[in-house]
Amino acid sequence: MIMKTDQDVMRENNKKLVLKTLFNTDQTSRSSIADQINLQKSTVSSIVRELQDQGLIEELGTGEASNIGGRRPNLIRFNRKYGFVLAFDMGIHHLRYSVNYINGELIHHVSIKLYTNKVRDIFALMKNVILNLEKYDTINGLVGISISLHAPVLDNQILYSPFLDFQSFDLIDALKELIDVPVIIENEANLTAIYIRDFYRHTEDIQFDNILALNIHNGIGVGTIIERRLYKGLNGLSGEIGRSIIMSENKKNRRLEEIYSEKAVLDRIGKLKNKPEFTLEDFILLMEIKDEQIAAIMEEWVIAIAQISYNLIQYSAPDAVFLSSRFIAFFPYLLDGIIKEYSSLDPLGSTQIISLDHHIHELTLFGGVALVSRKILGLESHDLLFTK
């Protein structure tokens, strides 16, 4: 094993600082980078040449001279066409995927209906997508794959899956045999939290360092960012809030997501309306005509989500709680009810409650793109500003 000298480590750290600065800037110059990160221009120029050789820099030509004159700078920027990332989201009824440039910019997004929970069959669909990818005018083509799952994950291994059958098929090994690029698999709530950290822009003067992403879908999960780092807890099991035990009216213990997840609510309405295959589309229609029975159920749901948010906030005191739910995305007034109920519980609370109603079907895909791009660039622990 070759030991790195202090000079090697310093050079590596300086290279990461230059690359981070390029990534986060629309266009810049060598001298501007040197001033921004307090390095000698000669050092920056040397690193820029190295990054150019790797295909990570795009030359833009000569810029305008400064107000005090002098030579006009040669402008450069991060080369988004270094490569692209393929991100998958494996749900119960869908396989979504997106193709994004390495800076996060979306190329295209597709959703495929699923009629199976067998991962072997879903892999066949993924394989077809991978084998038919274009190069999208990039230097290196596909540089990495991310997979979002409604399941806890530790060290790229699925701990258990409540919705899909992973027991008889090793998805990661199958993908690695198919194509030689990094493959990262992660819990969907964690990827939503990463999306918020890396893509979400609230206001120019506010940065959320501590956030919770409360995902309410087929289950209920929380992604946690502490001091801008993803927190996964012991064995990667942090955030499994949906498995919390509550006592129902008949004194029988039930899990939170068995009552208040979207799936649980839709199943409950389906029984009420005597329609076993009750869908989100059916729910939307009844909400639009203001069905009284549905309104009563949703009033209960709003109070429950407000209480869940309140309890999470009391424990971790984040800057903001972000809610991801199709119910809220389709009917934003539900968020108003949640905030009103939360304010009655904690009138002095300063934590913001924000809905992720835009791009709701792309959140985990974008989060996966950020995770893979950071690994490819070696910038896992740096603050990066990704582009949608």
# chains A, B, ... in the order shown; residues from 1 in each chain; ligands from 1
>>> closest_atom_pairs(of="range 197-316 of chain A", to="range 337-355 of chain A", cutoff="9 Å", atoms="only C-alpha atoms", output="CSV")
residue,atom,partner,partner_atom,distance
A:Glu299,CA,A:Gly337,CA,8.3
A:Val302,CA,A:Ile338,CA,5.4
A:Ile303,CA,A:Glu341,CA,6.3
A:Ala304,CA,A:Ile338,CA,8.6
A:Ile305,CA,A:Ile338,CA,6.7
A:Ala306,CA,A:Ile338,CA,5.0
A:Gln307,CA,A:Tyr342,CA,6.8
A:Ser309,CA,A:Tyr342,CA,7.6
A:Tyr310,CA,A:Tyr342,CA,6.3
A:Ile313,CA,A:Thr351,CA,7.4
>>> write_last_selection(atoms="C-alpha atoms", output="CSV table (one decimal), in the first residue's frame")
chain,number,residue,atom,x,y,z
A,299,GLU,CA,-59.8,15.9,8.7
A,302,VAL,CA,-54.7,16.2,8.8
A,303,ILE,CA,-54.7,16.2,12.7
A,304,ALA,CA,-52.6,13.0,12.8
A,305,ILE,CA,-50.0,14.3,10.4
A,306,ALA,CA,-49.8,17.6,12.4
A,307,GLN,CA,-49.3,15.6,15.6
A,309,SER,CA,-44.8,16.5,12.8
A,310,TYR,CA,-45.2,18.1,16.3
A,313,ILE,CA,-40.1,18.6,16.0
>>> select_by_dssp(residues="range 164-364 of chain A", states="strand (DSSP E or B)", output="ChimeraX atom specification")
/A:165,183-187,203,206,211-216,220-226,229-231,245-247,253-255,320-324,352-355
>>> closest_residue(among="A:Phe166, A:Phe327, A:Tyr136, A:Tyr115", to="Leu149 in chain A", atoms="only C-alpha atoms")
A:Phe166
>>> closest_residue(among="A:Asp291, A:Leu60, A:Asn311, A:Leu178", to="Ser244 in chain A", atoms="only C-alpha atoms")
A:Asn311
>>> select_by_dssp(residues="range 13-256 of chain A", states="helix (DSSP H, G or I)", output="PyMOL selection string")
chain A and resi 13-23+30-37+41-53+80-82+119-131+171-178+188-198+234-236+241-243
>>> residues_around(residues="Ala124 in chain A", least_positions_apart="2", cutoff="12 Å", atoms="only C-alpha atoms", output="list in words")
Leu95, Leu114, Thr116, Lys118, Val119, Arg120, Asp121, Ile122, Met126, Lys127, Asn128, Val129, Ile130, Leu131, Phe169, Leu171, Ala174, Leu175 and Leu178 of chain A
>>> closest_residue(among="A:Met298, A:Leu75, A:Leu214, A:Leu323", to="Glu240 in chain A", atoms="only C-alpha atoms")
A:Leu214
>>> residues_around(residues="range 266-272 of chain A", least_positions_apart="3", cutoff="10 Å", atoms="only C-alpha atoms", output="ChimeraX atom specification")
/A:218,258-263,275-280,282-283,293-294,297
>>> residues_around(residues="range 33-47 of chain A", least_positions_apart="6", cutoff="8 Å", atoms="only C-alpha atoms", output="ChimeraX atom specification")
/A:15,17-18,21-22
>>> closest_residue(among="A:Pro332, A:Pro182, A:Gly83, A:Gly55", to="Gly104 in chain A", atoms="only C-alpha atoms")
A:Gly83
>>> closest_residue(among="A:Leu191, A:Ile185, A:Ala151, A:Val369", to="Leu164 in chain A", atoms="only C-alpha atoms")
A:Ala151
>>> closest_residue(among="A:Val143, A:Met10, A:Met90, A:Val110", to="Val372 in chain A", atoms="only C-alpha atoms")
A:Val143
>>> residues_around(residues="Ile225 in chain A", least_positions_apart="2", cutoff="6 Å", atoms="only C-alpha atoms", output="mmCIF file with all heavy atoms, in the first residue's frame")
data_model
loop_
_atom_site.group_PDB
_atom_site.id
_atom_site.type_symbol
_atom_site.label_atom_id
_atom_site.label_comp_id
_atom_site.auth_asym_id
_atom_site.auth_seq_id
_atom_site.Cartn_x
_atom_site.Cartn_y
_atom_site.Cartn_z
ATOM 1 N N ASN A 210 -30.457 21.585 9.273
ATOM 2 C CA ASN A 210 -31.055 20.458 9.982
ATOM 3 C C ASN A 210 -32.505 20.305 9.511
ATOM 4 O O ASN A 210 -33.334 21.182 9.766
ATOM 5 C CB ASN A 210 -31.020 20.693 11.495
ATOM 6 C CG ASN A 210 -29.602 20.919 11.988
ATOM 7 O OD1 ASN A 210 -28.808 19.996 12.055
ATOM 8 N ND2 ASN A 210 -29.283 22.162 12.324
ATOM 9 N N ILE A 211 -32.785 19.216 8.829
ATOM 10 C CA ILE A 211 -34.108 19.051 8.241
ATOM 11 C C ILE A 211 -34.622 17.622 8.443
ATOM 12 O O ILE A 211 -33.846 16.680 8.613
ATOM 13 C CB ILE A 211 -34.101 19.358 6.728
ATOM 14 C CG1 ILE A 211 -33.106 18.463 5.996
ATOM 15 C CG2 ILE A 211 -33.835 20.825 6.460
ATOM 16 C CD1 ILE A 211 -33.110 18.618 4.500
ATOM 17 N N ARG A 228 -26.201 19.195 7.824
ATOM 18 C CA ARG A 228 -26.051 18.944 6.394
ATOM 19 C C ARG A 228 -25.500 17.559 6.066
ATOM 20 O O ARG A 228 -25.060 17.300 4.954
ATOM 21 C CB ARG A 228 -25.208 20.047 5.718
ATOM 22 C CG ARG A 228 -25.823 21.431 5.913
ATOM 23 C CD ARG A 228 -25.225 22.484 5.020
ATOM 24 N NE ARG A 228 -25.478 22.220 3.606
ATOM 25 C CZ ARG A 228 -26.647 22.422 2.989
ATOM 26 N NH1 ARG A 228 -27.694 22.870 3.668
ATOM 27 N NH2 ARG A 228 -26.781 22.186 1.707
ATOM 28 N N ARG A 229 -25.534 16.667 7.026
ATOM 29 C CA ARG A 229 -25.116 15.277 6.803
ATOM 30 C C ARG A 229 -26.303 14.338 7.008
ATOM 31 O O ARG A 229 -27.108 14.541 7.927
ATOM 32 C CB ARG A 229 -24.005 14.877 7.785
ATOM 33 C CG ARG A 229 -22.741 15.737 7.691
ATOM 34 C CD ARG A 229 -21.723 15.109 6.805
ATOM 35 N NE ARG A 229 -20.493 15.891 6.752
ATOM 36 C CZ ARG A 229 -19.300 15.413 7.031
ATOM 37 N NH1 ARG A 229 -19.170 14.149 7.397
ATOM 38 N NH2 ARG A 229 -18.224 16.176 6.926
ATOM 39 N N LEU A 230 -26.404 13.321 6.163
ATOM 40 C CA LEU A 230 -27.468 12.333 6.312
ATOM 41 C C LEU A 230 -27.206 11.484 7.547
ATOM 42 O O LEU A 230 -26.133 10.924 7.717
ATOM 43 C CB LEU A 230 -27.540 11.440 5.073
ATOM 44 C CG LEU A 230 -28.600 10.332 5.105
ATOM 45 C CD1 LEU A 230 -29.996 10.931 5.080
ATOM 46 C CD2 LEU A 230 -28.406 9.373 3.926
ATOM 47 N N TYR A 231 -28.228 11.398 8.418
ATOM 48 C CA TYR A 231 -28.120 10.569 9.612
ATOM 49 C C TYR A 231 -28.928 9.298 9.391
ATOM 50 O O TYR A 231 -30.117 9.345 9.068
ATOM 51 C CB TYR A 231 -28.660 11.317 10.834
ATOM 52 C CG TYR A 231 -28.704 10.466 12.082
ATOM 53 C CD1 TYR A 231 -27.529 10.179 12.773
ATOM 54 C CD2 TYR A 231 -29.896 9.930 12.553
ATOM 55 C CE1 TYR A 231 -27.548 9.384 13.915
ATOM 56 C CE2 TYR A 231 -29.928 9.136 13.688
ATOM 57 C CZ TYR A 231 -28.752 8.863 14.358
ATOM 58 O OH TYR A 231 -28.773 8.071 15.482
#
>>> residues_around(residues="Lys232 in chain A", least_positions_apart="2", cutoff="10 Å", atoms="only C-alpha atoms", output="ChimeraX atom specification")
/A:152-154,187,190,223-225,229-230,234-239
>>> decode(residues="range 94-107 of chain A", atoms="all heavy atoms", output="PDB file, in the first residue's frame")
ATOM      1  N   HIS A  94     -45.137   0.890  -9.477  1.00  0.00           N
ATOM      2  CA  HIS A  94     -44.448   1.590 -10.556  1.00  0.00           C
ATOM      3  C   HIS A  94     -42.941   1.371 -10.480  1.00  0.00           C
ATOM      4  O   HIS A  94     -42.391   1.089  -9.413  1.00  0.00           O
ATOM      5  CB  HIS A  94     -44.729   3.098 -10.467  1.00  0.00           C
ATOM      6  CG  HIS A  94     -44.101   3.719  -9.248  1.00  0.00           C
ATOM      7  ND1 HIS A  94     -44.790   3.929  -8.076  1.00  0.00           N
ATOM      8  CD2 HIS A  94     -42.827   4.148  -9.002  1.00  0.00           C
ATOM      9  CE1 HIS A  94     -43.982   4.448  -7.176  1.00  0.00           C
ATOM     10  NE2 HIS A  94     -42.780   4.591  -7.708  1.00  0.00           N
ATOM     11  N   LEU A  95     -42.312   1.507 -11.622  1.00  0.00           N
ATOM     12  CA  LEU A  95     -40.865   1.646 -11.711  1.00  0.00           C
ATOM     13  C   LEU A  95     -40.620   2.958 -12.438  1.00  0.00           C
ATOM     14  O   LEU A  95     -40.885   3.077 -13.635  1.00  0.00           O
ATOM     15  CB  LEU A  95     -40.229   0.486 -12.486  1.00  0.00           C
ATOM     16  CG  LEU A  95     -38.718   0.629 -12.740  1.00  0.00           C
ATOM     17  CD1 LEU A  95     -37.948   0.545 -11.426  1.00  0.00           C
ATOM     18  CD2 LEU A  95     -38.224  -0.434 -13.729  1.00  0.00           C
ATOM     19  N   ARG A  96     -40.174   3.952 -11.690  1.00  0.00           N
ATOM     20  CA  ARG A  96     -39.857   5.235 -12.306  1.00  0.00           C
ATOM     21  C   ARG A  96     -38.354   5.319 -12.517  1.00  0.00           C
ATOM     22  O   ARG A  96     -37.580   4.774 -11.732  1.00  0.00           O
ATOM     23  CB  ARG A  96     -40.327   6.397 -11.430  1.00  0.00           C
ATOM     24  CG  ARG A  96     -41.835   6.484 -11.296  1.00  0.00           C
ATOM     25  CD  ARG A  96     -42.265   7.802 -10.664  1.00  0.00           C
ATOM     26  NE  ARG A  96     -43.713   7.856 -10.555  1.00  0.00           N
ATOM     27  CZ  ARG A  96     -44.402   7.546  -9.465  1.00  0.00           C
ATOM     28  NH1 ARG A  96     -43.750   7.154  -8.375  1.00  0.00           N
ATOM     29  NH2 ARG A  96     -45.712   7.610  -9.441  1.00  0.00           N
ATOM     30  N   TYR A  97     -37.955   6.027 -13.549  1.00  0.00           N
ATOM     31  CA  TYR A  97     -36.530   6.286 -13.728  1.00  0.00           C
ATOM     32  C   TYR A  97     -36.318   7.632 -14.394  1.00  0.00           C
ATOM     33  O   TYR A  97     -37.182   8.142 -15.106  1.00  0.00           O
ATOM     34  CB  TYR A  97     -35.841   5.157 -14.503  1.00  0.00           C
ATOM     35  CG  TYR A  97     -36.169   5.066 -15.969  1.00  0.00           C
ATOM     36  CD1 TYR A  97     -35.413   5.762 -16.916  1.00  0.00           C
ATOM     37  CD2 TYR A  97     -37.203   4.251 -16.433  1.00  0.00           C
ATOM     38  CE1 TYR A  97     -35.687   5.659 -18.276  1.00  0.00           C
ATOM     39  CE2 TYR A  97     -37.484   4.139 -17.778  1.00  0.00           C
ATOM     40  CZ  TYR A  97     -36.719   4.851 -18.700  1.00  0.00           C
ATOM     41  OH  TYR A  97     -36.996   4.755 -20.039  1.00  0.00           O
ATOM     42  N   SER A  98     -35.169   8.203 -14.112  1.00  0.00           N
ATOM     43  CA  SER A  98     -34.782   9.457 -14.755  1.00  0.00           C
ATOM     44  C   SER A  98     -33.338   9.344 -15.224  1.00  0.00           C
ATOM     45  O   SER A  98     -32.535   8.581 -14.667  1.00  0.00           O
ATOM     46  CB  SER A  98     -34.936  10.654 -13.804  1.00  0.00           C
ATOM     47  OG  SER A  98     -33.959  10.619 -12.781  1.00  0.00           O
ATOM     48  N   VAL A  99     -33.035  10.097 -16.254  1.00  0.00           N
ATOM     49  CA  VAL A  99     -31.671  10.240 -16.746  1.00  0.00           C
ATOM     50  C   VAL A  99     -31.290  11.695 -16.524  1.00  0.00           C
ATOM     51  O   VAL A  99     -31.991  12.603 -16.971  1.00  0.00           O
ATOM     52  CB  VAL A  99     -31.576   9.876 -18.243  1.00  0.00           C
ATOM     53  CG1 VAL A  99     -30.146  10.074 -18.739  1.00  0.00           C
ATOM     54  CG2 VAL A  99     -32.032   8.436 -18.468  1.00  0.00           C
ATOM     55  N   ASN A 100     -30.206  11.919 -15.786  1.00  0.00           N
ATOM     56  CA  ASN A 100     -29.777  13.270 -15.434  1.00  0.00           C
ATOM     57  C   ASN A 100     -28.294  13.447 -15.727  1.00  0.00           C
ATOM     58  O   ASN A 100     -27.499  12.528 -15.491  1.00  0.00           O
ATOM     59  CB  ASN A 100     -29.994  13.534 -13.942  1.00  0.00           C
ATOM     60  CG  ASN A 100     -31.424  13.376 -13.484  1.00  0.00           C
ATOM     61  OD1 ASN A 100     -31.987  12.291 -13.556  1.00  0.00           O
ATOM     62  ND2 ASN A 100     -32.015  14.444 -12.989  1.00  0.00           N
ATOM     63  N   TYR A 101     -27.937  14.639 -16.194  1.00  0.00           N
ATOM     64  CA  TYR A 101     -26.517  14.974 -16.274  1.00  0.00           C
ATOM     65  C   TYR A 101     -25.932  14.940 -14.867  1.00  0.00           C
ATOM     66  O   TYR A 101     -26.663  15.038 -13.867  1.00  0.00           O
ATOM     67  CB  TYR A 101     -26.303  16.350 -16.893  1.00  0.00           C
ATOM     68  CG  TYR A 101     -26.644  16.414 -18.366  1.00  0.00           C
ATOM     69  CD1 TYR A 101     -27.621  17.283 -18.841  1.00  0.00           C
ATOM     70  CD2 TYR A 101     -25.976  15.613 -19.288  1.00  0.00           C
ATOM     71  CE1 TYR A 101     -27.933  17.350 -20.187  1.00  0.00           C
ATOM     72  CE2 TYR A 101     -26.284  15.671 -20.641  1.00  0.00           C
ATOM     73  CZ  TYR A 101     -27.271  16.531 -21.084  1.00  0.00           C
ATOM     74  OH  TYR A 101     -27.578  16.580 -22.410  1.00  0.00           O
ATOM     75  N   ILE A 102     -24.632  14.851 -14.771  1.00  0.00           N
ATOM     76  CA  ILE A 102     -23.984  14.662 -13.469  1.00  0.00           C
ATOM     77  C   ILE A 102     -24.177  15.863 -12.535  1.00  0.00           C
ATOM     78  O   ILE A 102     -24.021  15.748 -11.325  1.00  0.00           O
ATOM     79  CB  ILE A 102     -22.475  14.340 -13.667  1.00  0.00           C
ATOM     80  CG1 ILE A 102     -21.886  13.754 -12.383  1.00  0.00           C
ATOM     81  CG2 ILE A 102     -21.733  15.570 -14.176  1.00  0.00           C
ATOM     82  CD1 ILE A 102     -20.499  13.192 -12.556  1.00  0.00           C
ATOM     83  N   ASN A 103     -24.562  17.023 -13.080  1.00  0.00           N
ATOM     84  CA  ASN A 103     -24.839  18.179 -12.233  1.00  0.00           C
ATOM     85  C   ASN A 103     -26.290  18.185 -11.740  1.00  0.00           C
ATOM     86  O   ASN A 103     -26.722  19.112 -11.066  1.00  0.00           O
ATOM     87  CB  ASN A 103     -24.544  19.482 -12.973  1.00  0.00           C
ATOM     88  CG  ASN A 103     -25.533  19.763 -14.089  1.00  0.00           C
ATOM     89  OD1 ASN A 103     -26.147  18.843 -14.631  1.00  0.00           O
ATOM     90  ND2 ASN A 103     -25.696  21.023 -14.449  1.00  0.00           N
ATOM     91  N   GLY A 104     -27.057  17.159 -12.114  1.00  0.00           N
ATOM     92  CA  GLY A 104     -28.435  17.033 -11.664  1.00  0.00           C
ATOM     93  C   GLY A 104     -29.468  17.387 -12.707  1.00  0.00           C
ATOM     94  O   GLY A 104     -30.645  17.034 -12.568  1.00  0.00           O
ATOM     95  N   GLU A 105     -29.081  18.089 -13.750  1.00  0.00           N
ATOM     96  CA  GLU A 105     -30.034  18.557 -14.759  1.00  0.00           C
ATOM     97  C   GLU A 105     -30.755  17.384 -15.419  1.00  0.00           C
ATOM     98  O   GLU A 105     -30.128  16.445 -15.902  1.00  0.00           O
ATOM     99  CB  GLU A 105     -29.305  19.394 -15.805  1.00  0.00           C
ATOM    100  CG  GLU A 105     -30.214  20.038 -16.823  1.00  0.00           C
ATOM    101  CD  GLU A 105     -29.438  20.896 -17.816  1.00  0.00           C
ATOM    102  OE1 GLU A 105     -28.338  21.369 -17.469  1.00  0.00           O
ATOM    103  OE2 GLU A 105     -29.937  21.059 -18.946  1.00  0.00           O
ATOM    104  N   LEU A 106     -32.083  17.455 -15.429  1.00  0.00           N
ATOM    105  CA  LEU A 106     -32.907  16.368 -15.949  1.00  0.00           C
ATOM    106  C   LEU A 106     -32.844  16.297 -17.468  1.00  0.00           C
ATOM    107  O   LEU A 106     -33.016  17.298 -18.156  1.00  0.00           O
ATOM    108  CB  LEU A 106     -34.361  16.561 -15.508  1.00  0.00           C
ATOM    109  CG  LEU A 106     -35.378  15.514 -15.982  1.00  0.00           C
ATOM    110  CD1 LEU A 106     -35.072  14.160 -15.363  1.00  0.00           C
ATOM    111  CD2 LEU A 106     -36.798  15.957 -15.644  1.00  0.00           C
ATOM    112  N   ILE A 107     -32.615  15.080 -17.976  1.00  0.00           N
ATOM    113  CA  ILE A 107     -32.677  14.832 -19.422  1.00  0.00           C
ATOM    114  C   ILE A 107     -34.061  14.303 -19.763  1.00  0.00           C
ATOM    115  O   ILE A 107     -34.754  14.852 -20.614  1.00  0.00           O
ATOM    116  CB  ILE A 107     -31.582  13.847 -19.861  1.00  0.00           C
ATOM    117  CG1 ILE A 107     -30.186  14.427 -19.561  1.00  0.00           C
ATOM    118  CG2 ILE A 107     -31.722  13.529 -21.357  1.00  0.00           C
ATOM    119  CD1 ILE A 107     -29.040  13.469 -19.803  1.00  0.00           C
TER     120      ILE A 107
END
